[in-house]
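Engineer: I'd like to ask you about the structure that follows.
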Amino acid sequence: MPLIHRKKPTEKPSSPPSEEVVVPDEDSQKKPHESSKSHHKKSNGGGKWSCIDSCCWFIGCVCVTWWFLLFLYNAMPASFPQYVTERITGPLPDPPGVKLKKEGLKAKHPVVFIPGIVTGGLELWEGKQCADGLFRKRLWGGTFGEVYKRPLCWVEHMSLDNVTGLDPAGIRVRAVSGLVAADYFAPGYFVWAVLIANLAHIGYEEKNMYMAAYDWRLSFQNTEVRDQTLSRMKSNIELMVSTNGGKKAVIVPHSMGVLYFLHFMKWVEAPAPMGGGGGPDWCAKYIKAVMNIGGPFLGVPKAVAGLFSAEAKDVAVARAIAPGFLDTDIFRLQTLQHVMRMTRTWDSTMSMLPKGGDTIWGGLDWSPEKGHTCCGKKQKSNETCGEVGENGVSKTKPVNYGRIISFGKEVAEAAPSEINNIDFRGAVKGQSIPNHTCRDVWTEYHDMGIAGIKAIAEYKVYTADEAIDLLHYVAPKMMARGSAHFSYGIADDLDDPKYQQPKYWSNPLETKLPNAPEMEIYSLYGVGIPTERAYVYKLNQSPDSCIPFQIFTSAQEEDEDSCLKAGVYNVDGDETVPVLSAGFMCAKAWRGKTRFNPSGIKTYIREYNHSPPANLLEGRGTQSGAHVDIMGNFALIEDIMRVAAGGNGSDIGHDQVHSGIFEWSERIDLKL
Amino acid sequence: MPPLLRFRKLSSFSEETISPKAKQSATVEKPKRRRSGRCSCVDSCCWLIGYLCTAWWLLLFLYHSVPVPAMLQAPESPGTRLSRDGVKALHPVILVPGIVTGGLELWEGRPCAEGLFRKRLWGASFTEILRRPLCWLEHLSLDSETGLDPPGIRVRAVPGLVAADHFAPCYFAWAVLIENLAKIGYEGKNLHMASYDWRLSFHNTEVRDQSLSRLKSKIELMYATNGYKKVVVVPHSMGAIYFLHFLKWVETPLHDGGGGGGPGWCAKHIKAVVNIGPAFLGVPKAVSNLLSAEGKDIAYARSLAPGLLDSELLKLQTLEHLMRMSHSWDSIVSLLPKGGEAIWGDLDSHAEEGHNCIYSKRKSSQLLLSNLHRQNYSVKPESWVKEPAKYGRIIAFGKRASELPSSQLSTLNIKELSRVDCTSNDSTSCGEFWSEYNEMSRESIVKVAENTAYTATTVLDLLRFIAPKMMRRAEAHFSHGIADDLDDPKYGHYKYWSNPLETKLPYAPEMEMYCLYGVGIPTERSYIYKLATSSNKCKSSIPFTIDGSVNGDDVCLKGGTRFADGDESVPVISAGYMCAKGWRGKTRFNPSGMETFVREYKHKPPGSLLESRGTESGAHVDIMGNVGLIDDVLRIAAGASGQEIGGDRIYSDVMRMSERISIKL
């Protein structure tokens with residue numbers, strides 16, 4: 001019926017031409033109606049179409065083409081894209097799920113996923129007036145439509161209280177629960193979806209897969225205080241183990257989820273008021289293996305830059321989502337400051353600060369990765385690259401990775417003796433406020449005077465330990481809040497009763513692994529991508545910026561192979577987590593019976609060399625090693641599935657190492 | 001929006017097909033004007049489309065940017081009001097959805113369902129019915145032998161609140177209640193949706209998915225993490241009997257197939273069970289659904305796409321396909337009327353005696369109706385004293401059979417009737433189609449239908465006669481009788497757990513049972529059937545159909561269906577009897593004497609279209625948006641007892657009806 005109605009108007013325009021045929025001496029306009037427009041056209045000097053008409057015509061054309069293409073797309077058989085891909089790249093390998101099903105693998109152990117930072121969805125349960133109609137809609141994850149529609153409202157709701165680190169009054173934003181929480185981060189951008197689909201092939205379903213979603217903005221202990229997330233996780237694991245015939249669970253944490261689960265293992269065995277009261281053998285009873293994907297066990301240098309100047313890439317992912325948008329001045333001129341204010345209320349970003357200080361990350365003149373050569377760009381000419389590393393020492397200057405922040409390129413390269421440090425720690429912050437317009441944006445920089453900023457810049461070089469002190473200096477309130485929940489040191493004596501406190505539980509260097517000799521710990525991560533490791537900073541001279549420091553992006557080497565790119569020293573890793581952080585614990589600190597691993601839990605390292613997708617059709621690739629894309633890496637999925645189906649470390653081939661992790665670990669001098 | 005686009009697209013295509021003709025005519029008639037002539041048509045079309053699009057976008061933009069006028073704003077919701085009055089979240093709340101409202105998603109399927117992994121097959125937009133109807137039916141059906149998954153297909157319940165907040169876009173089920181609960185402080189940690197695969201028998205949800213174990217663990221967890229506050233359970237429709245099953249299951253020891261919670265589990269963990277529109281004693285609708293796939297709500301898919309399903313698109317046998325699908329679902333059998341003639345009436349008498357049908361002019365007679373309800377039938381006008389409708393005859397073949405005194409009915413005893421199966425399967429054209437009708441000979445069909453009427457007891461025999469396999473499978477899981485002696489050890493079997501007349505409530509004197517349901521809507525109570533004129537070449541078509549031509553002089557008999565008071569799906573007697581009488585005080589069904597409350601909500605249709613489904617509706621699903629009901633649920637969740645929210649609230653005849661039902665208590 002509606003079709004007929006629709007047709008009528010379309011016939012109208014086709015009638016004018018015939019009229020014109022009857023009266024040919026009229027001017028050549030064919031406007032169907034609107035006399036008002038016709039005399040406007042005359043003034044245009046005989047042009048057939050006015051501007052508006054041309055616009056309409058153009059839109060019409062575009063729409064018609066669009067609909068036509070849409071129609072073709074919908075009419076296209078579902079297997080068509082795959083067919084095209086296969087024609088171009090040759091037959092695709094079977095997804096691991098299909099392959100392993102043919103081998104006869106069956107679902108055996110229940111699987112628990114623990115998402116990392118930023119990948120989990122958050123939804124609104126109670127909001128201010130401006131968030132009307134968003135009840136139980138996603139604020140984080142999904143389409144991020146609200147960022148564009150009401151940016152300030154969005155920032156307000158995503159922020160936490162900057163004193164307590166919990167909900168601000170009148171706002172409740174909660175983690176989405178279930179597998180949907182983190183299967184896709186945004187439409188078409190998978191996180192866990194590929195792994196879930198493959199596991200489903202061998203018989204997994206909702207009853208033996210569980211996504212332990214938590215509010216990743218909170219500190220780990222606060223997720224229990226506010227949402228009882230740890231208790232739910234405990235109860236769910238117990239339930240899954242008992243309903244699956246007593247088969248122990250395989251835990252698959254990703255990124256920050258790794259630290260979260262470390263915290264959980266400690267929490268669950270701790271006695272009741274502060275812990276879960278599961279008793280000393282809870283982990284031994286319920287956990288078969290922990291398969292950490294891209295785990296930042298020892299933190300990431302990126303977190304320092306993120307907190308220092310909101311410039312790290314992943315932590316402030318909001319920036320990456322809409323770079324153009326956020327870098328412009330739509331947020332009343334201070335986009336970056338708003339983002340910074342928001343991320344600084346999130347305690348969880350502080351869980352990712354580098355741990356272990358100079359012992360792990362290197363001092364002024366040494367670092368474990370010494371001698372690493374950056375030839376990430378030229379993967380194919382790998383051999384020549386290696387030669388340069390051996391012979392051409394003069395060509396590639398050794399990089400001082402230990403200097404996580406240095407002011408100026410010269411300082412970053414200078415010999416330690418040449419650097420004059422003026423201690424900033426006691427420096428007066430000064431009263432003269434450099435910028436008055438920043439008042440309404442809450443970052444602690446506006447409490448700091450010019451003297452303070454100067455003191456920081458003059459200290460020149462910061463190692464991992466000093467970087468923490470630096471953050472304490474520039475953001476004392478935030479760090480005071482954060483250090484109640486996290487600790488970044490190395491324990492001298494793990495039996496010291498102070499290590500019973502929750503703040504130490506997520507630091508692998510300050511806790512012991514549970515007593516569970518049959519458990520296995522895997523570290524699975526990508527290598528072969530340049531990963532941020534150290535930064536060159538400069539003072540920000542721009543008058544209308546509220547953040548006084550900035551990455552010195554013009555610090556470059558002419559040399560293609562240099563590790564220094566746009567003010568950032570890169571090292572091997574998965575684009576976010578350096579190899580050292582992801583691998584050290586499993587490669588050395590936990591290997592065999594050590595003081596961190598008293599029961600001698602077996603550890604395995606599985607590295608996946610990054611190979612970028614060959615063409616656009618492959619999407620994000622099936623052999624990627626990047627921090628999030630690795631979740632679609634077929635080799636990694638296969639390893640996880642084999643373990644979930646009952647395999648152990650030796651079944652999947654023990655260690656698989658491409659980087660220099662063992663060599664680097666040797667250089668770290670840590671009492672074990 | 002999308003359909004509109006599609007129409008535009010079509011129209012644009014038709015334009016393009018028209019345009020060459022116009023082009024031709026222009027070139028033939030006036031060659032010199034060819035250029036402009038050709039230009040004109042295509043261009044004009046484009047121009048017009050562009051014009052329409054721009055106008056549409058402009059309107060859309062205006063619509064989004066203009067603030068909602070104050071007059072259109074909804075009145076204050078109960079959640080906001082109560083939150084202002086200081087009502088705060090206290091007890092954790094568990095929602096138990098009913099049949100059909102829960103979403104189902106695909107985990108493993110046949111090749112025809114490629115690309116639907118973890119997409120909803122049931123719930124949400126139902127687009128797959130339209131795209132690949134046969135594939136959809138295949139995946140939603142269960143195995144007709146086991147009542148579990150067919151090989152190679154795994155369809156599972158969607159977990160979490162999303163499972164049943166909206167049944168279809170803009171058609172809320174639990175969403176309004178959830179939103180109001182959130183206003184007084186509920187969130188994921190103290191609000192849980194116990195979704196389960198509603199196609200399975202209750203016992204099988206535990207066997208296949210461990211749904212009951214999960215529910216138990218969830219309740220224990222929420223009890224512990226919310227400061228040892230007992231939970232409030234809110235089941236809806238079939239969820240009420242599912243939860244009844246759970247109550248019994250959880251206290252049964254592990255080695256008897258229970259949850260091993262031990263006696264006292266319910267007393268320890270549950271504060272109240274707030275049943276919304278509970279189908280405790282079943283619904284007559286389930287009978288018609290099983291007999292001829294003609295019930296309205298249960299075969300919901302029909303009403304969703306009536307045109308499509310009633311037409312003969314699915315290879316000519318839509319109804320038969322649907323019937324095959326629903327016959328494979330054990331859960332529908334759980335909704336068959338329970339308690340037999342004692343509850344639902346025998347051939348001559350029934351509990352609703354004296355029920356008056358005055359629904360037709362609903363608005364004008366609102367007053368009258370409530371008056372009548374209050375004063376019962378002492379004021380019944382003379383004109384209504386005539387041969388009362390015989391509701392007890394749930395299925396009657398022909399109007400005569402539904403009205404005749406019982407002595408004149410055929411005395412066919414269906415149990416003695418030997419079923420003559422025709423072995424010669426000549427219906428090759430419909431051989432793939434599974435329903436047990438095509439194994440039945442015409443003679444037995446006629447015999448079954450000859451001048452007979454069936455009561456709630458004999459209708460089960462009828463079903464056993466015409467669909468023996470299905471009933472055998474399902475009756476291993478459900479029972480529909482009344483227990484003589486509840487202490488008989490046979491009642492330890494799980495098939496009795498969901499029948500309130502064959503189980504005792506747990507020993508939990510402080511627990512409260514609520515029955516909240518709507519009244520004032522005509523609800524299917526009994527049917528008049530006829531033999532289908534089988535003009536189809538295919539013999540396997542359904543031989544019975546509701547005789548839609550039978551109409552009474554009042555609204556109680558319309559389209560072959562007799563109506564009684566209820567909420568459109570569940571008659572008052574099924575929803576209210578247990579709370580009004582069966583469990584009231586210390587009875588043998590309620591040994592600990594837990595308190596029961598009946599709260600009825602009188603249906604009031606929405607005043608205008610703007611109100612959409614209304615805030616005072618009493619209809620089976622729409623009642624979940626009823627402000628009175630939400631108010632009650634919120635108060636109970638915040639700690640109020642039944643007395644504090646006002647005890648019983650009754651508009652219908654449920655008390656008097658219950659009096660008339662004589663079963664040993």
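Letters A, B, ... mark the chains of the structure tokens in the order given; residue numbers begin at 1 per chain; ligand numbers begin at 1, in order shown.
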Can you list, as a ChimeraX atom specification, every protein, DNA or RNA residue that comes within 7 Å of range 585-594 of chain A when you count only C-alpha atoms, leaving out same-chain residues fewer than 5 positions away?

Structural biologist: /A:523,599-600,602-605,662,665,672

Engineer: Go ahead and write the selection's residues with N, CA and C atoms as a tab-separated table (two decimals), in the first residue's frame.

Structural biologist:
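The file below, out.tsv, is the result:
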```tsv
chain	number	residue	atom	x	y	z
A	523	SER	N	52.22	-16.99	30.63
A	523	SER	CA	52.27	-15.60	30.22
A	523	SER	C	52.25	-15.59	28.71
A	599	SER	N	55.49	-22.53	46.35
A	599	SER	CA	55.11	-23.92	46.09
A	599	SER	C	55.63	-24.40	44.73
A	600	GLY	N	56.38	-23.56	44.03
A	600	GLY	CA	56.95	-24.01	42.76
A	600	GLY	C	55.92	-24.26	41.69
A	602	LYS	N	54.31	-24.21	38.20
A	602	LYS	CA	54.99	-24.20	36.90
A	602	LYS	C	54.61	-22.95	36.12
A	603	THR	N	55.58	-22.35	35.47
A	603	THR	CA	55.28	-21.17	34.65
A	603	THR	C	55.73	-21.43	33.22
A	604	TYR	N	55.00	-20.84	32.30
A	604	TYR	CA	55.34	-20.96	30.88
A	604	TYR	C	55.25	-19.61	30.21
A	605	ILE	N	56.14	-19.40	29.25
A	605	ILE	CA	56.08	-18.18	28.46
A	605	ILE	C	55.73	-18.54	27.04
A	662	PHE	N	64.79	-13.83	28.27
A	662	PHE	CA	65.59	-14.56	29.25
A	662	PHE	C	66.91	-13.83	29.53
A	665	SER	N	66.17	-10.81	31.59
A	665	SER	CA	65.83	-11.17	32.97
A	665	SER	C	67.08	-11.48	33.77
A	672	LEU	N	65.85	-13.81	44.93
A	672	LEU	CA	64.72	-14.70	44.65
A	672	LEU	C	64.54	-15.73	45.77
```

Engineer: Distance cut-off 6 Å, counting only C-alpha atoms - which residues of chain B neighbour chain A? Return them as a PyMOL selection string.

Structural biologist: chain B and resi 11+41+44+46-47+49-51

Engineer: Please produce a file of those selected residues containing N, CA, C and O atoms, as an mmCIF file, in the first residue's frame.

Structural biologist:
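Saved to again20.cif:
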```cif
data_model
loop_
_atom_site.group_PDB
_atom_site.id
_atom_site.type_symbol
_atom_site.label_atom_id
_atom_site.label_comp_id
_atom_site.auth_asym_id
_atom_site.auth_seq_id
_atom_site.Cartn_x
_atom_site.Cartn_y
_atom_site.Cartn_z
ATOM 1 N N SER B 11 10.511 2.915 -4.380
ATOM 2 C CA SER B 11 9.975 3.925 -5.271
ATOM 3 C C SER B 11 11.070 4.462 -6.188
ATOM 4 O O SER B 11 10.842 4.745 -7.348
ATOM 5 N N CYS B 41 13.912 14.056 -16.399
ATOM 6 C CA CYS B 41 13.234 13.010 -15.637
ATOM 7 C C CYS B 41 14.111 12.452 -14.518
ATOM 8 O O CYS B 41 13.724 12.466 -13.368
ATOM 9 N N SER B 44 14.851 15.089 -12.043
ATOM 10 C CA SER B 44 13.727 15.433 -11.181
ATOM 11 C C SER B 44 13.529 14.387 -10.105
ATOM 12 O O SER B 44 13.207 14.709 -8.954
ATOM 13 N N CYS B 46 15.808 12.479 -8.831
ATOM 14 C CA CYS B 46 16.861 12.679 -7.843
ATOM 15 C C CYS B 46 16.540 13.879 -6.985
ATOM 16 O O CYS B 46 16.692 13.866 -5.773
ATOM 17 N N TRP B 47 16.073 14.907 -7.668
ATOM 18 C CA TRP B 47 15.760 16.136 -6.945
ATOM 19 C C TRP B 47 14.696 15.858 -5.888
ATOM 20 O O TRP B 47 14.806 16.241 -4.741
ATOM 21 N N ILE B 49 13.845 13.035 -4.497
ATOM 22 C CA ILE B 49 14.327 12.198 -3.395
ATOM 23 C C ILE B 49 15.176 13.022 -2.445
ATOM 24 O O ILE B 49 15.024 12.966 -1.231
ATOM 25 N N GLY B 50 16.036 13.819 -3.043
ATOM 26 C CA GLY B 50 16.876 14.680 -2.219
ATOM 27 C C GLY B 50 16.032 15.603 -1.370
ATOM 28 O O GLY B 50 16.288 15.801 -0.180
ATOM 29 N N TYR B 51 15.002 16.127 -1.984
ATOM 30 C CA TYR B 51 14.109 17.043 -1.294
ATOM 31 C C TYR B 51 13.447 16.355 -0.101
ATOM 32 O O TYR B 51 13.436 16.856 1.018
#
```

Engineer: Can you list, as a ChimeraX atom specification, every residue of range 181-324 of chain A that DSSP puts in helix (DSSP H, G or I)?

Structural biologist: /A:181,193-201,206-208,220-227,229-243,256-269,282-286,301-309,317-321,323-324

Engineer: Enter the distance from CA of Thr576 in chain A to CA of Gly528 in chain A, in Å, rounded to one decimal.

Structural biologist: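 A separation of 11.6 Å between them.
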
Engineer: For Val527 in chain A, list every protein, DNA or RNA residue within 8 Å, evaluated using only C-alpha atoms, and leave out those in the same chain fewer than 5 positions away; present the list as an MDAnalysis selection string.

Structural biologist: chainID A and resid 572:574 579 607:610 625:626 658:659

Engineer: Near Val194 in chain A, counting only C-alpha atoms, which residues have an atom at most 10 Å away, once you skip same-chain residues fewer than 4 positions from it, shown as a PyMOL selection string?

Structural biologist: chain A and resi 95+97+183-184+190+198-200+631-634+637
